[in-house]
Structure formats: C-alpha cells, structure tokens
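Undergrad: After the structure tokens below, expect a handful of questions from me.
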Amino acid sequence: MRTLPDGTVEIGVGLISVGWMGQLHSRAYANLKYAYPDLGLKPRLVHAADPAPARAEEAVHVLGYERASADYREVLSDPEVDVVSICAPNFLHAEIGIAAARAGKHFWIEKPVGRGEQETREVADAAAAAGVISSIGFNYRHAPAIEYLRELVLDGKLGRITNVRGQMFADYSADPRGALSWRFVRGLAGNGVLGDLMGHLVDLVQYTLGPIAEVSAVTSTVYTERPELPMGTGTHFAVIENGEMKPVENEDYAGMLVRIADGAPAANAVGALEASRVSVGPRASYGIEVYGTQGSAHWDFERMNELHLSGGLGAENQGYTRVMARPGMGDFGRFQPGAGTSMGYDDLKVIEAKKFLQAVLGREAVNSNIQDALSAAQVVTAAERSAETRTWETSAPVEGTTAAGA
C-alpha cells in the first residue's frame with residue numbers, strides 16, 4: 001500500500017481464479033470509485049492467477065490486471081499485492097486461505113471457507129496468527145432491506161422476536177440431467193446444500209437476530225446419480241445428455257429447526273430453515289421471515305429491494321405494507337437516488353469490497369469476517385451431525401463475529 005500525492009491510498013489487489021466470481025470481485029474493486037468517491041481508496045489490479053490460459057489472458061486484457069500467472073502462489077509471493085480475492089472452487093478455499101494468511105496477505109474469500117468446521121477453524125487460526133484482515137462472501141447481508149431489518153430488530157421495533165423462517169431454494173440442479181460437478185463429490189465439496197446454500201442462510205439469521213445455539217436437522221439426496229462432468233469443462237449449471245452416471249455423495253435438501261442463543265437480540269426465538277438445490281419453481285428464492293410480538297417482516301432476494309412489514313395489534317389496518325429500499329437504508333443511497341430504482345446483485349459485492357478495504361486500512365470494521373464464517377460452519381456441521389444422529393446438537397459461541405448484538 002502507498003499514499004499517492006493527493007492523499008489517496010493505493011492498494012494492490014491480487015485475484016485467485018478468474019471465473020464468474022473472480023470477475024465480479026474485480027468489477028467490485030473497479031466500481032468503488034463510483035459508489036464511494038469519498039473513501040480515498042484506489043484499488044490497483046496487480047496480479048491474477050488461473051490455471052486456464054484463456055482465463056489468465058482475460059484477467060489482463062479484459063479485467064485490467066497488470067499481469068497473470070497459472071499458479072496462485074505467484075500472486076501470494078508478489079510484493080505489490082496487499083490484498084487477495086480468493087474465488088477458486090470451494091475445495092481449494094482452505095488451502096489458499098491458509099497460504100494467503102501465512103504470506104501476510106489480507107484476504108476476501110468466498111464461502112464456504114472450508115469443507116466443514118475443522119477446515120474453517122484452520123483458516124481462522126492462520127488468519128489470527130498472521131494478524132491479517134479477512135472478509136467473507138456473505139453478500140446477502142449487505143442488501144439495504146436486510147440492514148433495515150437488522151435495525152428494526154436491534155431497536156425493538158418488532159417487539160420480542162418469537163420465531164423465524166428462512167429458505168434458500170435454488171433450481172440449478174433441479175434437472176436430473178444436471179452435471180455431476182465437483183459440488184456433488186464429498187471429497188471435493190464436503191457437504192452439499194448445507195455448505196453451499198444453508199451457510200448463507202445461517203449467516204443471514206445470525207446477522208439479523210443473533211447466534212444460533214441449537215439445531216435439529218434432516219437431509220435428503222433427491223437425485224442419487226448424475227451424469228459426470230470432467231473437471232474444468234463446464235459449470236454446475238450444465239445439462240448432459242446420455243452421460244456416464246456417477247453417484248451423488250452429498251445432500252440436495254436440508255431442513256433445520258433452530259433456537260437463537262440466550263443474550264441475543266432475538267434470545268430464545270425458535271425457527272425453521274430450509275435449503276434446496278433441486279427446487280422446481282424458485283430460481284434464487286433466498287428469504288427470511290421474522291415474527292415478533294409487535295410486528296413482523298418478510299424479505300426475499302428475488303425482490304431484494306423490497307421489505308414487507310406488518311405493524312402490531314394496535315394497527316388500524318392489519319396486513320403487510322411493501323416498503324421499498326431507499327436512501328438511508330444501508331448503502332442504498334450510494335447506488336440509486338430514490339426508492340423504486342433498484343439495486344442489483346453486483347452492487348452487494350461493491351459494498352462488500354468497501355467494507356473489506358475499510359477494515360484493511362484500520363477504519364470501521366463492519367465487514368463479515370472469518371469468525372462469522374467459523375460460526376456459520378459450526379452450525380452447519382452441527383446440522384450434519386444432527387441429521388445423522390437424529391438428536392438436537394449445539395453450536396458454541398464464537399468470539400469476534402458481527403452477529404446481531406455481538
């Protein structure tokens with residue numbers, strides 16, 4: 001990092017894996033100057049790594065990185081790289097996260113950080129030992145309507161929170177001809193929809209209501225075989241006709257009963273969370289419903305710029321009011337001038353980049369961090385144990401998270 005003559009801080013950025021998410025991180029860094037011109041930050045896209053030559057070339061000629069390599073270790077050893085975005089496949093996250101910490105690089109890593117609690121803890125320990133800043137790709141928490149919902153809970157506007165419902169339903173594997181990518185192989189992905197989608201939902205609940213303390217879960221593998229997809233030849237959205245069938249090794253669906261921890265803003269509230277990658281109908285229906293003694297609120301990512309609110313028993317007209325995201329809710333005003341002009345998914349990543357780099361510079365630390373990832377991984381691992389034992393399982397408190405009330 002260096003300070004330019006005008007006082008702007010220039011931060012050297014490295015990227016590991018130039019897929020869709022790597023492109024998104026790169027655009028987020030580039031768009032900071034438009035959404036947050038007052039930050040005094042200038043991300044400099046220095047070095048990208050991808051083993052696919054075409055993607056490495058794209059990093060330079062399309063995304064604007066100064067150089068590219070095939071080996072991520074070259075990014076981590078580059079003295080001009082201050083921060084690194086880790087956007088590789090899930091099964092490489094822990095290995096690269098630990099390597100980044102040991103190299104002294106602050107890192108922004110996509111979820112899940114590890115294939116379960118143990119790998120996530122190893123990354124957390126490495127980051128703590130190195131004293132580096134971490135940020136996690138829990139992008140849904142940055143939606144302005146979610147930030148507003150969190151405020152309503154913390155301010156007691158919904159009364160005592162009694163229960164919560166949440167779902168993360170996607171259809172990317174709803175077709176039984178959907179390719180058996182690495183996401184369906186336990187040795188590469190670890191668990192299935194628990195780590196891929198439920199981790200996001202757990203973070204959303206913990207960010208708005210407080211830590212989850214207890215879980216009881218059930219899982220199901222809807223399609224036990226899929227046509228094989230050779231590594232590096234497509235994505236998990238691919239559909240294959242007449243391919244060689246191989247076994248699916250992890251779950252397509254997961255359901256959880258949960259209890260929020262004592263001392264949290266929604267202390268002792270209970271609820272039900274579901275996640276599926278084989279739903280027919282919902283495309284990306286990631287939602288949360290929060291019920292309190294004085295009101296309730298519903299949010300769904302498919303309509304991310306809306307929050308549906310209901311007042312208490314004294315309200316003259318019972319029912320829900322659609323509240324549009326507007327300036328004053330989270331960072332909405334940085335992207336749009338007024339309600340009704342919608343933000344999009346990519347904007348959430350710009351907010352995420354801003355919070356990450358602010359924390360790196362020792363400013364406001366409101367970014368999701370490795371402790372948040374560890375807490376979510378603990379809950380997911382407890383759910384996996386519960387599905388096996390058919391008993392309630394606990395998740396211990398994790399210090400240093402940004403959960404509501406922490």
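Convention: chains lettered A, B, ... in structure tokens order; per-chain residue numbering from 1; ligands numbered from 1 as shown.
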If we count only C-alpha atoms and set the cut-off at 12 Å, which residues sit around Ala59 of chain A, ignoring sequence neighbours fewer than 6 positions away in its own chain? Please answer as a PyMOL selection string.
TA: chain A and resi 14-20+22-27+45-53+65-70
Undergrad: Go ahead and save the residues from that selection, with C-alpha atoms, as a compact mmCIF listing (two decimals), in the first residue's frame.
TA:
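And here is the file that came out, again03.txt:
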```
# COMPACT_ATOMS: atom_id res chain seq x y z
CA GLY A 14 -4.45 -9.99 -6.30
CA LEU A 15 -7.05 -12.42 -7.64
CA ILE A 16 -7.07 -16.20 -7.45
CA SER A 17 -9.36 -17.82 -10.05
CA VAL A 18 -10.82 -15.80 -12.90
CA GLY A 19 -14.28 -17.38 -13.09
CA TRP A 20 -17.59 -15.60 -12.72
CA GLY A 22 -13.43 -13.58 -9.76
CA GLN A 23 -14.77 -11.29 -12.46
CA LEU A 24 -17.37 -9.99 -10.02
CA HIS A 25 -14.76 -9.21 -7.36
CA SER A 26 -12.69 -7.39 -9.97
CA ARG A 27 -15.64 -5.25 -11.05
CA LEU A 45 -5.46 -4.64 -10.04
CA VAL A 46 -1.96 -6.11 -9.91
CA HIS A 47 -1.81 -9.88 -10.34
CA ALA A 48 -4.33 -12.62 -11.17
CA ALA A 49 -3.87 -16.39 -11.24
CA ASP A 50 -5.78 -19.08 -13.10
CA PRO A 51 -4.52 -22.41 -14.47
CA ALA A 52 -6.62 -21.97 -17.63
CA PRO A 53 -4.57 -19.89 -20.12
CA TYR A 65 -4.78 -6.82 -14.16
CA GLU A 66 -1.18 -5.88 -14.82
CA ARG A 67 -0.02 -9.50 -15.02
CA ALA A 68 -1.28 -13.05 -14.71
CA SER A 69 0.07 -16.45 -13.70
CA ALA A 70 -1.06 -20.06 -13.71
```
Undergrad: Please provide the set of residues having any atom within 7 Å of segment 85-96 of chain A, restricted to only C-alpha atoms, with same-chain residues fewer than 6 positions apart removed, written as number ranges by chain.
TA: A: 14-17, 21-22, 107-110, 112-115, 119-120, 123, 188-189
Undergrad: Which residues come within 8 Å of Leu348 of chain A, counting only C-alpha atoms, excluding same-chain residues fewer than 6 positions away, as an MDAnalysis selection string?
TA: chainID A and resid 139:140 142:143
Undergrad: Quick one: pull the distance between atom CA of Arg186 of chain A and atom CA of Val248 of chain A, Å, one decimal.
TA: 8.4 Å
Undergrad: Which one is closest to Pro37 of chain A: A:Asp78, A:Met245, A:Phe237, A:Lys354? Count only C-alpha atoms.
TA: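 Of all the options, A:Lys354 lies closest to Pro37 of chain A.
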